[in-house]
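Undergrad: Input structure: start_19.txt, which contains compact mmCIF, C-alpha atoms.
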# COMPACT_ATOMS: atom_id res chain seq x y z
CA MET A 15 74.14 46.49 -48.73
CA THR A 16 72.87 48.28 -45.63
CA VAL A 17 70.47 46.71 -43.16
CA GLN A 18 67.86 49.24 -44.20
CA THR A 19 68.13 48.25 -47.87
CA LYS A 20 68.04 44.56 -47.02
CA THR A 21 64.89 45.03 -44.95
CA LYS A 22 63.26 47.03 -47.70
CA LEU A 23 64.18 44.42 -50.27
CA LYS A 24 62.68 41.65 -48.15
CA ARG A 25 59.49 43.68 -47.80
CA TYR A 26 59.19 44.19 -51.55
CA VAL A 27 59.80 40.52 -52.23
CA ILE A 28 56.98 39.63 -49.83
CA TYR A 29 54.72 42.19 -51.50
CA GLY A 30 55.56 40.57 -54.83
CA ILE A 31 54.69 37.10 -53.57
CA VAL A 32 51.42 38.32 -52.03
CA LEU A 33 50.42 40.10 -55.25
CA LEU A 34 51.33 37.11 -57.38
CA LEU A 35 49.20 34.85 -55.20
CA ALA A 36 46.37 37.38 -55.34
CA HIS A 37 46.61 37.38 -59.13
CA ILE A 38 46.39 33.60 -59.21
CA PHE A 39 43.48 33.51 -56.77
CA GLN A 40 41.67 36.23 -58.69
CA ASN A 41 42.22 35.09 -62.25
CA SER A 42 43.09 31.41 -62.22
CA LEU A 43 41.90 29.54 -59.15
CA THR A 44 38.38 29.90 -57.82
CA ILE A 45 39.36 30.02 -54.16
CA PHE A 46 36.67 32.52 -53.18
CA PRO A 47 33.05 31.35 -53.51
CA GLU A 48 30.86 32.94 -56.13
CA ILE A 49 28.16 35.17 -54.64
CA LEU A 50 25.47 36.47 -57.00
CA SER A 51 27.58 35.00 -59.83
CA VAL A 52 30.52 37.26 -59.02
CA ARG A 53 33.97 36.73 -57.60
CA PRO A 54 36.04 39.35 -55.79
CA VAL A 55 38.83 41.38 -57.34
CA LEU A 56 41.83 41.33 -55.01
CA LEU A 57 44.48 43.20 -56.95
CA ILE A 58 42.92 46.67 -56.64
CA SER A 59 42.56 46.43 -52.86
CA LEU A 60 46.08 45.12 -52.31
CA SER A 61 47.70 47.67 -54.63
CA VAL A 62 45.86 50.52 -52.92
CA CYS A 63 46.88 49.17 -49.55
CA ILE A 64 50.57 48.89 -50.48
CA ALA A 65 50.50 52.40 -51.94
CA MET A 66 49.11 53.71 -48.66
CA PHE A 67 52.02 52.22 -46.74
CA GLU A 68 54.79 52.83 -49.26
CA GLY A 69 53.98 56.23 -50.72
CA GLU A 70 53.17 57.51 -54.18
CA VAL A 71 56.33 56.52 -56.07
CA VAL A 72 56.58 52.91 -54.93
CA GLY A 73 52.78 52.73 -55.10
CA ALA A 74 52.77 53.83 -58.72
CA VAL A 75 55.45 51.30 -59.67
CA ILE A 76 53.60 48.50 -57.89
CA GLY A 77 50.30 49.59 -59.45
CA LEU A 78 51.89 49.54 -62.90
CA ALA A 79 53.39 46.08 -62.35
CA VAL A 80 50.19 44.61 -60.93
CA GLY A 81 48.10 46.13 -63.71
CA ALA A 82 50.46 44.73 -66.35
CA LEU A 83 50.14 41.32 -64.72
CA TRP A 84 46.36 41.58 -64.77
CA ASP A 85 46.46 42.70 -68.40
CA THR A 86 48.02 39.38 -69.40
CA VAL A 87 44.67 37.64 -68.90
CA THR A 88 42.37 40.40 -70.03
CA VAL A 89 40.68 40.60 -73.41
CA THR A 90 39.01 43.95 -73.61
CA ALA A 91 41.00 46.17 -71.30
CA ASP A 92 44.52 45.53 -72.57
CA GLY A 93 46.78 48.12 -70.91
CA TYR A 94 43.93 49.75 -69.06
CA ASN A 95 44.58 47.95 -65.78
CA ALA A 96 48.24 48.99 -65.73
CA LEU A 97 47.35 52.60 -66.43
CA PHE A 98 44.48 52.75 -63.98
CA LEU A 99 46.29 51.09 -61.09
CA MET A 100 49.40 53.21 -61.57
CA VAL A 101 47.38 56.43 -61.39
CA ALA A 102 45.16 55.18 -58.55
CA CYS A 103 48.09 54.02 -56.41
CA ALA A 104 50.00 57.27 -56.96
CA PHE A 105 46.85 59.17 -55.98
CA CYS A 106 46.50 57.10 -52.79
CA GLY A 107 50.11 57.71 -51.86
CA VAL A 108 49.74 61.45 -52.33
CA MET A 109 46.46 61.58 -50.40
CA LEU A 110 48.03 59.70 -47.51
CA ARG A 111 51.06 61.95 -47.45
CA ILE A 112 49.10 65.20 -47.56
CA PHE A 113 45.58 64.77 -46.22
CA MET A 114 44.93 61.49 -44.43
CA ARG A 115 46.09 59.19 -41.68
CA ASN A 116 46.73 55.58 -42.46
CA ASN A 117 44.13 53.46 -40.70
CA ILE A 118 41.47 50.93 -41.61
CA MET A 119 38.76 53.57 -42.04
CA THR A 120 40.72 55.69 -44.50
CA TYR A 121 41.76 52.51 -46.28
CA LEU A 122 38.15 51.36 -46.66
CA MET A 123 37.16 54.80 -47.90
CA MET A 124 39.95 54.96 -50.48
CA ASN A 125 39.54 51.35 -51.54
CA THR A 126 35.76 51.65 -51.99
CA GLY A 127 36.12 54.83 -54.00
CA ILE A 128 38.85 53.47 -56.27
CA THR A 129 37.10 50.13 -56.80
CA LEU A 130 33.85 51.87 -57.75
CA VAL A 131 35.68 54.24 -60.10
CA TYR A 132 37.47 51.29 -61.69
CA PHE A 133 34.27 49.40 -62.47
CA MET A 134 32.35 52.48 -63.56
CA THR A 135 35.07 53.47 -65.99
CA TYR A 136 35.37 49.85 -67.12
CA VAL A 137 31.67 49.77 -67.97
CA LEU A 138 31.92 53.16 -69.63
CA PHE A 139 34.95 52.37 -71.79
CA PHE A 140 34.54 48.68 -72.51
CA ILE A 141 30.80 48.10 -72.50
CA THR A 142 28.90 51.28 -73.23
CA ALA A 143 31.55 52.72 -75.57
CA ARG A 144 31.64 49.44 -77.52
CA GLY A 145 27.95 49.89 -78.28
CA ILE A 146 26.81 47.05 -76.06
CA ASP A 147 23.31 47.51 -74.72
CA ASN A 148 22.34 47.13 -71.08
CA GLY A 149 25.52 48.66 -69.69
CA THR A 150 23.66 50.07 -66.71
CA GLU A 151 22.01 46.74 -66.03
CA MET A 152 25.39 45.01 -66.16
CA LEU A 153 26.82 47.59 -63.79
CA LEU A 154 24.02 47.02 -61.29
CA ARG A 155 23.73 43.27 -61.71
CA TYR A 156 27.40 42.34 -62.01
CA TYR A 157 29.94 45.05 -61.36
CA LEU A 158 28.47 46.69 -58.25
CA PRO A 159 28.07 43.37 -56.42
CA MET A 160 31.64 42.57 -57.45
CA SER A 161 32.83 45.91 -56.05
CA PHE A 162 31.08 45.35 -52.72
CA TYR A 163 32.32 41.77 -52.46
CA SER A 164 35.87 42.97 -53.11
CA VAL A 165 35.60 45.77 -50.55
CA ILE A 166 34.08 43.51 -47.88
CA ILE A 167 37.00 41.08 -47.93
CA SER A 168 39.66 43.78 -48.38
CA PRO A 169 40.38 44.40 -44.63
CA MET A 170 42.09 40.99 -44.59
CA GLY A 171 44.54 42.32 -47.13
CA TYR A 172 45.05 45.51 -45.12
CA VAL A 173 45.88 43.53 -41.99
CA LEU A 174 48.34 41.39 -43.92
CA ILE A 175 50.11 44.28 -45.62
CA ARG A 176 50.26 46.27 -42.37
CA TRP A 177 51.84 43.26 -40.65
CA VAL A 178 54.40 42.87 -43.44
CA ASN A 179 55.13 46.59 -43.38
CA ARG A 180 55.74 46.58 -39.64
CA LYS A 181 57.60 43.30 -39.50
CA PHE A 182 59.99 44.25 -42.28
CA SER A 183 60.51 47.88 -41.38
CA TYR A 184 63.91 49.25 -40.37
CA ASN A 185 62.49 51.03 -37.33
CA TYR A 186 61.09 47.78 -35.92
CA ILE A 187 64.21 45.67 -36.12
CA GLU A 188 65.29 44.40 -32.73
CA TYR A 189 69.02 44.36 -32.07
CA MET B 6 67.03 -60.75 -35.27
CA ASN B 7 66.60 -64.05 -37.14
CA ASN B 8 64.35 -65.24 -34.39
CA PHE B 9 62.19 -62.16 -34.80
CA PHE B 10 61.73 -62.69 -38.52
CA LYS B 11 60.74 -66.27 -37.85
CA SER B 12 58.37 -65.41 -35.04
CA THR B 13 54.57 -65.52 -35.31
CA THR B 14 54.33 -61.86 -34.33
CA PHE B 15 56.37 -60.81 -37.34
CA LYS B 16 54.30 -62.98 -39.62
CA VAL B 17 51.05 -61.50 -38.29
CA LEU B 18 52.37 -57.96 -38.62
CA LEU B 19 53.58 -58.69 -42.11
CA ALA B 20 50.23 -60.14 -43.08
CA VAL B 21 48.40 -57.14 -41.65
CA ALA B 22 50.78 -54.76 -43.47
CA ILE B 23 50.28 -56.59 -46.76
CA VAL B 24 46.53 -56.57 -46.33
CA LEU B 25 46.47 -52.87 -45.48
CA ALA B 26 48.83 -51.99 -48.32
CA SER B 27 46.79 -54.02 -50.74
CA ALA B 28 43.58 -52.45 -49.50
CA SER B 29 45.09 -48.97 -49.84
CA ILE B 30 46.30 -49.60 -53.35
CA LEU B 31 43.00 -51.18 -54.30
CA ALA B 32 41.01 -48.30 -52.79
CA THR B 33 43.10 -45.73 -54.57
CA VAL B 34 43.02 -47.47 -57.91
CA VAL B 35 39.43 -48.63 -57.92
CA THR B 36 37.43 -46.06 -55.95
CA ASN B 37 39.86 -43.13 -55.89
CA SER B 38 39.02 -42.61 -52.25
CA THR B 39 40.93 -42.74 -49.01
CA SER B 40 42.39 -45.96 -47.74
CA PRO B 41 40.56 -48.07 -45.14
CA LEU B 42 43.29 -47.27 -42.66
CA THR B 43 42.70 -43.58 -43.10
CA ASN B 44 39.00 -44.15 -42.73
CA VAL B 45 39.52 -46.10 -39.59
CA VAL B 46 41.87 -43.55 -38.12
CA ASP B 47 39.59 -40.76 -39.18
CA PHE B 48 36.60 -42.50 -37.66
CA ILE B 49 38.44 -42.79 -34.38
CA THR B 50 39.96 -39.35 -34.30
CA SER B 51 37.19 -37.19 -35.79
CA PRO B 52 35.22 -36.83 -32.52
CA LEU B 53 38.45 -35.82 -30.87
CA GLN B 54 39.13 -33.31 -33.62
CA ASN B 55 35.63 -31.87 -33.26
CA VAL B 56 36.06 -31.50 -29.52
CA ALA B 57 39.49 -29.92 -30.00
CA SER B 58 38.12 -27.56 -32.61
CA TYR B 59 35.25 -26.55 -30.33
CA PHE B 60 37.59 -25.79 -27.45
CA SER B 61 40.00 -24.02 -29.77
CA ALA B 62 37.22 -21.71 -30.98
CA LYS B 63 36.11 -21.00 -27.44
CA LEU B 64 39.66 -20.32 -26.41
CA ASP B 65 40.13 -17.87 -29.29
CA ASP B 66 37.03 -16.00 -28.13
CA VAL B 67 38.38 -15.81 -24.63
CA THR B 68 41.88 -14.75 -25.65
CA GLY B 69 40.37 -12.20 -28.08
CA GLY B 70 39.18 -10.19 -25.10
CA PHE B 71 42.73 -9.91 -23.84
CA VAL B 72 44.05 -8.14 -26.97
CA SER B 73 45.50 -4.85 -25.85
CA ALA B 74 43.86 -1.51 -26.69
CA GLN B 75 47.02 -0.48 -28.51
CA VAL B 76 46.53 -3.31 -31.00
CA TYR B 77 42.98 -2.11 -31.70
CA LYS B 78 44.15 1.48 -31.89
CA ASP B 79 46.82 0.55 -34.43
CA ARG B 80 44.25 -1.43 -36.36
CA VAL B 81 41.84 1.52 -36.41
CA VAL B 82 44.60 3.83 -37.63
CA GLU B 83 45.52 1.29 -40.29
CA LEU B 84 41.90 0.95 -41.43
CA GLU B 85 41.39 4.70 -41.44
CA GLN B 86 44.47 5.03 -43.60
CA GLN B 87 43.09 2.38 -45.92
CA VAL B 88 39.76 4.22 -46.15
CA ALA B 89 41.58 7.49 -46.91
CA ASP B 90 43.61 5.72 -49.60
CA TYR B 91 40.48 4.22 -51.12
CA GLN B 92 38.72 7.61 -51.07
CA SER B 93 41.70 9.20 -52.76
CA GLN B 94 41.69 6.45 -55.36
CA LEU B 95 37.96 7.00 -55.84
CA VAL B 96 38.51 10.71 -56.47
CA ASP B 97 41.25 9.87 -58.98
CA TYR B 98 38.95 7.37 -60.60
CA GLU B 99 36.12 9.90 -60.92
CA LYS B 100 38.50 12.50 -62.39
CA THR B 101 39.93 10.00 -64.84
CA LYS B 102 36.44 8.83 -65.77
CA LYS B 103 35.35 12.38 -66.47
CA GLN B 104 38.48 13.07 -68.51
CA LEU B 105 37.96 9.86 -70.43
CA GLU B 106 34.36 10.81 -71.22
CA SER B 107 35.62 14.16 -72.47
CA TYR B 108 38.27 12.48 -74.64
CA GLU B 109 35.68 10.03 -75.98
CA GLU B 110 33.49 12.94 -76.99
CA PHE B 111 36.42 14.63 -78.70
CA LEU B 112 37.33 11.38 -80.37
CA GLY B 113 33.78 11.14 -81.72
CA VAL B 114 34.08 14.64 -83.18
CA ARG B 115 37.46 13.79 -84.62
CA GLU B 116 36.12 10.66 -86.29
CA LYS B 117 33.25 12.67 -87.78
CA ASN B 118 35.60 15.41 -88.98
CA PRO B 119 38.90 13.91 -90.07
CA ASP B 120 39.84 17.15 -91.85
CA TYR B 121 40.15 19.10 -88.59
CA THR B 122 43.59 19.90 -87.27
CA TRP B 123 43.42 20.85 -83.65
CA VAL B 124 45.41 21.59 -80.54
CA TYR B 125 44.39 20.52 -77.05
CA SER B 126 44.74 23.28 -74.47
CA THR B 127 44.03 23.99 -70.84
CA ILE B 128 42.46 27.16 -69.53
CA VAL B 129 45.03 28.94 -67.37
CA GLY B 130 43.37 32.28 -66.65
CA ARG B 131 40.13 34.18 -66.70
CA ASP B 132 39.69 37.91 -66.42
CA SER B 133 37.47 38.20 -63.36
CA ALA B 134 36.32 41.66 -64.44
CA ASP B 135 35.05 40.38 -67.77
CA ILE B 136 31.37 39.53 -67.69
CA PHE B 137 31.45 37.73 -71.03
CA GLY B 138 33.57 34.76 -69.97
CA SER B 139 36.74 35.33 -71.97
CA PHE B 140 39.71 33.22 -70.95
CA THR B 141 43.39 32.52 -71.57
CA ILE B 142 44.69 29.14 -72.77
CA ASN B 143 48.14 27.62 -72.40
CA LYS B 144 48.88 27.29 -76.13
CA GLY B 145 50.02 30.00 -78.50
CA SER B 146 51.67 30.71 -81.85
CA LYS B 147 54.40 28.18 -80.99
CA ASP B 148 51.69 25.50 -81.22
CA GLY B 149 50.25 26.75 -84.50
CA ILE B 150 47.37 28.80 -83.08
CA LYS B 151 46.30 31.88 -85.04
CA VAL B 152 43.88 34.72 -84.50
CA ASN B 153 40.29 33.74 -85.46
CA ASP B 154 40.79 30.03 -84.81
CA ALA B 155 37.63 28.40 -83.50
CA VAL B 156 37.64 27.04 -79.95
CA ILE B 157 35.44 24.04 -79.20
CA TYR B 158 34.52 21.81 -76.32
CA SER B 159 33.40 18.44 -77.63
CA GLU B 160 31.21 19.38 -80.60
CA TYR B 161 30.11 22.69 -79.10
CA LEU B 162 31.44 26.07 -80.12
CA VAL B 163 32.97 27.92 -77.16
CA GLY B 164 34.59 30.96 -78.73
CA VAL B 165 37.26 32.36 -80.99
CA VAL B 166 40.93 33.17 -80.49
CA THR B 167 41.46 36.94 -80.51
CA GLU B 168 45.02 37.39 -79.28
CA VAL B 169 47.97 35.08 -79.76
CA ASN B 170 51.22 35.16 -77.79
CA PRO B 171 54.06 32.65 -78.20
CA THR B 172 52.88 30.43 -75.36
CA THR B 173 49.37 31.64 -74.54
CA SER B 174 46.27 32.81 -76.39
CA VAL B 175 43.23 34.80 -75.38
CA VAL B 176 39.80 33.51 -76.33
CA ARG B 177 36.59 35.49 -76.54
CA SER B 178 33.53 33.36 -75.78
CA VAL B 179 30.44 33.31 -77.98
CA LEU B 180 28.79 35.37 -75.23
CA ASP B 181 31.05 38.32 -76.06
CA PRO B 182 29.19 40.98 -78.10
CA SER B 183 32.11 41.37 -80.48
CA VAL B 184 31.79 37.76 -81.64
CA ASN B 185 29.36 37.17 -84.52
CA VAL B 186 28.86 33.69 -85.91
CA ALA B 187 27.11 32.74 -89.15
CA ALA B 188 24.61 30.06 -88.18
CA TYR B 189 21.61 27.98 -89.24
CA GLU B 190 18.83 26.12 -87.50
CA ILE B 191 19.13 22.42 -88.28
CA ARG B 192 15.40 21.57 -88.65
CA THR B 193 14.36 24.40 -90.95
CA GLY B 194 17.77 25.20 -92.39
CA GLU B 195 17.06 28.91 -91.89
CA LEU B 196 20.17 31.06 -91.94
CA GLY B 197 21.04 33.92 -89.63
CA TYR B 198 23.83 35.05 -87.35
CA VAL B 199 24.47 34.59 -83.66
CA ASN B 200 25.63 37.31 -81.32
CA THR B 201 24.79 38.48 -77.82
CA VAL B 202 23.39 41.59 -76.26
CA ASP B 203 23.70 41.08 -72.54
CA GLY B 204 26.46 38.54 -72.02
CA THR B 205 24.15 35.87 -70.64
CA ASN B 206 22.36 34.45 -73.68
CA CYS B 207 23.04 34.44 -77.38
CA ARG B 208 20.68 35.76 -79.99
CA PHE B 209 20.02 34.04 -83.33
CA ALA B 210 19.16 37.12 -85.37
CA GLY B 211 18.36 37.98 -88.97
CA LEU B 212 15.44 35.55 -89.26
CA ASP B 213 12.44 36.12 -91.47
CA THR B 214 9.42 37.70 -89.73
CA LYS B 215 7.44 34.54 -90.56
CA THR B 216 10.21 32.26 -89.44
CA ALA B 217 9.51 28.58 -88.89
CA VAL B 218 12.14 28.11 -86.21
CA SER B 219 10.69 27.32 -82.82
CA LYS B 220 11.61 26.58 -79.25
CA GLY B 221 13.90 23.58 -78.89
CA GLY B 222 15.54 24.04 -82.28
CA ILE B 223 19.29 23.49 -82.41
CA VAL B 224 21.47 26.21 -83.89
CA CYS B 225 24.79 25.29 -85.52
CA THR B 226 27.53 27.15 -87.31
CA SER B 227 26.88 27.42 -91.05
CA GLY B 228 30.54 27.63 -92.08
CA THR B 229 29.94 30.82 -94.06
CA GLY B 230 32.99 33.06 -93.95
CA GLY B 231 35.43 30.26 -93.39
CA ILE B 232 36.25 31.14 -89.78
CA PHE B 233 34.17 28.48 -88.06
CA PRO B 234 33.76 24.99 -89.47
CA LYS B 235 30.22 23.93 -90.36
CA ASP B 236 27.95 22.11 -87.90
CA LEU B 237 29.47 23.05 -84.58
CA ILE B 238 26.59 23.27 -82.10
CA ILE B 239 26.05 26.72 -80.61
CA GLY B 240 22.94 26.13 -78.50
CA THR B 241 19.23 25.51 -78.24
CA ILE B 242 16.47 28.00 -78.98
CA THR B 243 14.46 28.99 -75.91
CA VAL B 244 12.18 31.68 -77.35
CA VAL B 245 11.42 33.31 -80.70
CA GLU B 246 10.46 37.00 -80.85
CA GLN B 247 9.92 39.77 -83.38
CA SER B 248 12.61 42.42 -83.42
CA PRO B 249 11.29 45.80 -82.19
CA VAL B 250 13.65 47.77 -84.44
CA GLU B 251 14.11 45.66 -87.57
CA LEU B 252 11.80 43.85 -89.99
CA SER B 253 13.03 40.52 -88.79
CA ALA B 254 12.70 38.05 -85.98
CA TYR B 255 15.27 36.67 -83.61
CA ALA B 256 15.56 33.69 -81.32
CA THR B 257 17.18 33.61 -77.92
CA ILE B 258 19.60 30.73 -77.58
CA GLU B 259 20.79 29.00 -74.48
CA THR B 260 24.40 28.10 -75.21
CA ALA B 261 25.28 24.42 -75.03
CA VAL B 262 28.47 25.05 -73.07
CA ASN B 263 29.20 27.85 -70.66
CA ALA B 264 32.78 29.01 -71.12
CA LYS B 265 32.97 29.77 -67.39
CA ASP B 266 32.45 26.08 -66.53
CA ILE B 267 35.08 24.39 -68.65
CA HIS B 268 38.73 23.72 -67.82
CA ASP B 269 40.06 22.53 -71.16
CA CYS B 270 39.20 22.88 -74.82
CA PHE B 271 40.38 22.26 -78.36
CA VAL B 272 41.46 24.90 -80.84
CA ILE B 273 40.75 24.09 -84.48
CA THR B 274 43.79 25.38 -86.34
CA ALA B 275 42.78 24.16 -89.81
CA PHE B 276 39.81 22.54 -91.59
CA GLU B 277 38.83 21.73 -95.13
CA GLU B 278 36.52 24.65 -95.97
CA GLN B 279 38.90 27.26 -94.52
How would this structure read if it were set down as structure tokens?
TA:
Amino acid sequence: MTVQTKTKLKRYVIYGIVLLLAHIFQNSLTIFPEILSVRPVLLISLSVCIAMFEGEVVGAVIGLAVGALWDTVTVTADGYNALFLMVACAFCGVMLRIFMRNNIMTYLMMNTGITLVYFMTYVLFFITARGIDNGTEMLLRYYLPMSFYSVIISPMGYVLIRWVNRKFSYNYIEY
Amino acid sequence: MNNFFKSTTFKVLLAVAIVLASASILATVVTNSTSPLTNVVDFITSPLQNVASYFSAKLDDVTGGFVSAQVYKDRVVELEQQVADYQSQLVDYEKTKKQLESYEEFLGVREKNPDYTWVYSTIVGRDSADIFGSFTINKGSKDGIKVNDAVIYSEYLVGVVTEVNPTTSVVRSVLDPSVNVAAYEIRTGELGYVNTVDGTNCRFAGLDTKTAVSKGGIVCTSGTGGIFPKDLIIGTITVVEQSPVELSAYATIETAVNAKDIHDCFVITAFEEQ
């Protein structure tokens, strides 16, 4: 195994641990305080962030894995999270490769857009389409505050992933 | 030696010893108190003892000031550790007390409903994107859980199992719009069904336009359909209104238990009317 492969492997293992912890903090432990009766969603922000650093292919695989993990605790959106995160992460990777630079501003822009799209489609497919009334009210009262809460704390994730990416990158190894 | 035994001194000493021994025996047997010798000695020595005790106490006070700071520091650390231990024990005690109360409640339900077969489970996950409070429990088909099993907390209905995996199950709460429960109000006996429209409160719908149910009424499962056992409490009526679209009335119910606040529950896997 080459040094490059070993470094890459270490990086992916750390990504895996971070995402697993994020899944636990998001869906099992209430580590973040509830604000306006909502808790943040960490998995979207972290998946987007990893896709921005790793590119569209790795991003899509990570998005698929994270979404599948999230789907294990979901009731209504079984399979939706895996599909959405795979597509979103691949999109981020492509956008970064073709149009954008990777910095905190572009990350916030991408993350905000994808988080909003996620919750809007969620309300559309799993609330309005199920014939449940007050979908718009739920979006405004519950899902938009959740989106903003998630986006506000997301720079912490960006800093962490950027550090991991730099620390465990072949180009940064000191001999 | 022979001269000593014959001397007056010996005879006096012997007489005194006999007298004292006799007095001691007599005092012990008759009055059950101390011997005269002890009293005499005590009378003589007690002022001395008092003086010694006084000086001893004073001396302790003086020497107390010479205890090194390290001794006090160690003592403080030791006491702080003791306080931390006691606080930890207090937390454990409170947790155990709460758990015991919960078990007592469940035991009460069990005694009232001996026909129930149930499985205790812990909530291991919640979908944070789900507004309706669905959750995942740590028991599945391996433990006998099936789809449509009722999930309760004490004697309150929490939800229904909708997905079963070998080791986990997913539960939809009564606040989920896809869950409909046949119910009745216990005072009037009026039948209806409970569902939700906004994920925050339940609605007891299908009531007569001239319904007698009123605020404060308790709504329970009616057992119709065989999914939920009869008489599980769903909640309390907060307001009764006429439906704007149907020729019926409905009551808004505040659920007795919020699925988002509980950490464990019981799944009823079988009951008599099923």
Undergrad: Residues of chain A near chain B: apply a cut-off of 8 Å, count only C-alpha atoms, and supply the list as a VMD selection string.
TA: chain A and resid 40 to 42 53 to 55 84 87 to 90 146 to 148 152 156 to 157
Undergrad: Can you spit out the residues from that selection as an mmCIF file, in the frame of the given file, using C-alpha atoms?
TA:
data_model
loop_
_atom_site.group_PDB
_atom_site.id
_atom_site.type_symbol
_atom_site.label_atom_id
_atom_site.label_comp_id
_atom_site.auth_asym_id
_atom_site.auth_seq_id
_atom_site.Cartn_x
_atom_site.Cartn_y
_atom_site.Cartn_z
ATOM 1 C CA GLN A 40 41.670 36.230 -58.690
ATOM 2 C CA ASN A 41 42.220 35.090 -62.250
ATOM 3 C CA SER A 42 43.090 31.410 -62.220
ATOM 4 C CA ARG A 53 33.970 36.730 -57.600
ATOM 5 C CA PRO A 54 36.040 39.350 -55.790
ATOM 6 C CA VAL A 55 38.830 41.380 -57.340
ATOM 7 C CA TRP A 84 46.360 41.580 -64.770
ATOM 8 C CA VAL A 87 44.670 37.640 -68.900
ATOM 9 C CA THR A 88 42.370 40.400 -70.030
ATOM 10 C CA VAL A 89 40.680 40.600 -73.410
ATOM 11 C CA THR A 90 39.010 43.950 -73.610
ATOM 12 C CA ILE A 146 26.810 47.050 -76.060
ATOM 13 C CA ASP A 147 23.310 47.510 -74.720
ATOM 14 C CA ASN A 148 22.340 47.130 -71.080
ATOM 15 C CA MET A 152 25.390 45.010 -66.160
ATOM 16 C CA TYR A 156 27.400 42.340 -62.010
ATOM 17 C CA TYR A 157 29.940 45.050 -61.360
#
Undergrad: What's the 10 Å shell around Phe39 in chain A, counting only C-alpha atoms, without same-chain residues fewer than 3 positions away, as a list of chain:residue names?
TA: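 Non-adjacent residues within range: A:Leu33, A:Leu34, A:Leu35, A:Ala36, A:Ser42, A:Leu43, A:Thr44, A:Ile45, A:Phe46, A:Pro54, A:Val55, A:Leu56, A:Leu57, B:Gly130.
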Undergrad: So the first atom is CA of Asn143 in chain B and the second is CA of Pro234 in chain B; what is the distance between them in Å, to one decimal place?
TA: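 Distance reported for this atom pair: 22.5 Å.
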Undergrad: Could you tell me how far CA of Ala91 in chain A sits from CA of Glu68 in chain A, in Å to one decimal place?
TA: 26.8 Å
Undergrad: List the neighbours of Val179 in chain B out to 12 Å using only C-alpha atoms; skip same-chain residues closer than 4 positions along the sequence, and give me the result as a PyMOL selection string.
TA: chain B and resi 137-140+155-157+161-167+183-187+198-209+226+233+238-240+258-265
Undergrad: Restricting the calculation to all atoms listed in the file, which member of B:Val76, B:Leu84, B:Leu212, B:Leu95 is positioned closest to Glu246 in chain B?
TA: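 Closest to Glu246 in chain B of all the choices is B:Leu212.
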Undergrad: Which neighbours of Arg115 in chain B fall inside 12 Å, counting only C-alpha atoms, when residues of the same chain fewer than 4 positions from it are skipped, and could you give them as a list in words?
TA: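 Residues meeting the cut-off are Tyr108, Glu109, Glu110, Phe111, Pro119, Asp120, Tyr121, Thr122, Trp123, Val124, Ile157, Tyr158, Ser159, Glu160, Phe271, Ile273 and Phe276 of chain B.
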Undergrad: Residues within 12 Å of Phe133 in chain A, please, as a PyMOL selection string. Count all atoms listed in the file; anything in the same chain fewer than 3 positions from it doesn't count.
TA: (chain A and resi 55+58+91+94-95+98+126-130+136-141+149-150+152-154+156-162+164) or (chain B and resi 133-136)
Undergrad: In Å, how far is it from CA of Val224 in chain B to CA of Glu190 in chain B?
TA: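 Distance reported for this atom pair: 4.5 Å.
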Undergrad: Please provide as a list in words all residues within 12 Å of Leu196 in chain B, with the sequence filter that same-chain residues fewer than 4 positions apart are discarded (counting only C-alpha atoms).
TA: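 Selected residues are Val186, Ala187, Ala188, Tyr189, Glu190, Ile191, Arg192, Phe209, Ala210, Gly211, Leu212, Asp213, Thr216, Ala217, Val218, Val224, Cys225, Thr226, Ser227, Gly228, Thr229, Ala254, Tyr255 and Ala256 of chain B.
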Undergrad: For range 178-181 of chain A, I'd like the enclosing box, axis-aligned and padded by 3 Å on every side, reported as AutoDock Vina command-line options with centre and edge lengths in Å to one decimal.
TA:
--center_x 56.0 --center_y 44.7 --center_z -41.5 --size_x 9.2 --size_y 9.7 --size_z 9.9
Undergrad: So which one's closest to Thr127 in chain B, B:Val114, B:Pro249, B:Lys144, B:Thr241? Using all atoms listed in the file, please.
TA: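 Of B:Val114, B:Pro249, B:Lys144, B:Thr241, the one nearest Thr127 in chain B, counting all atoms listed in the file, is B:Lys144.
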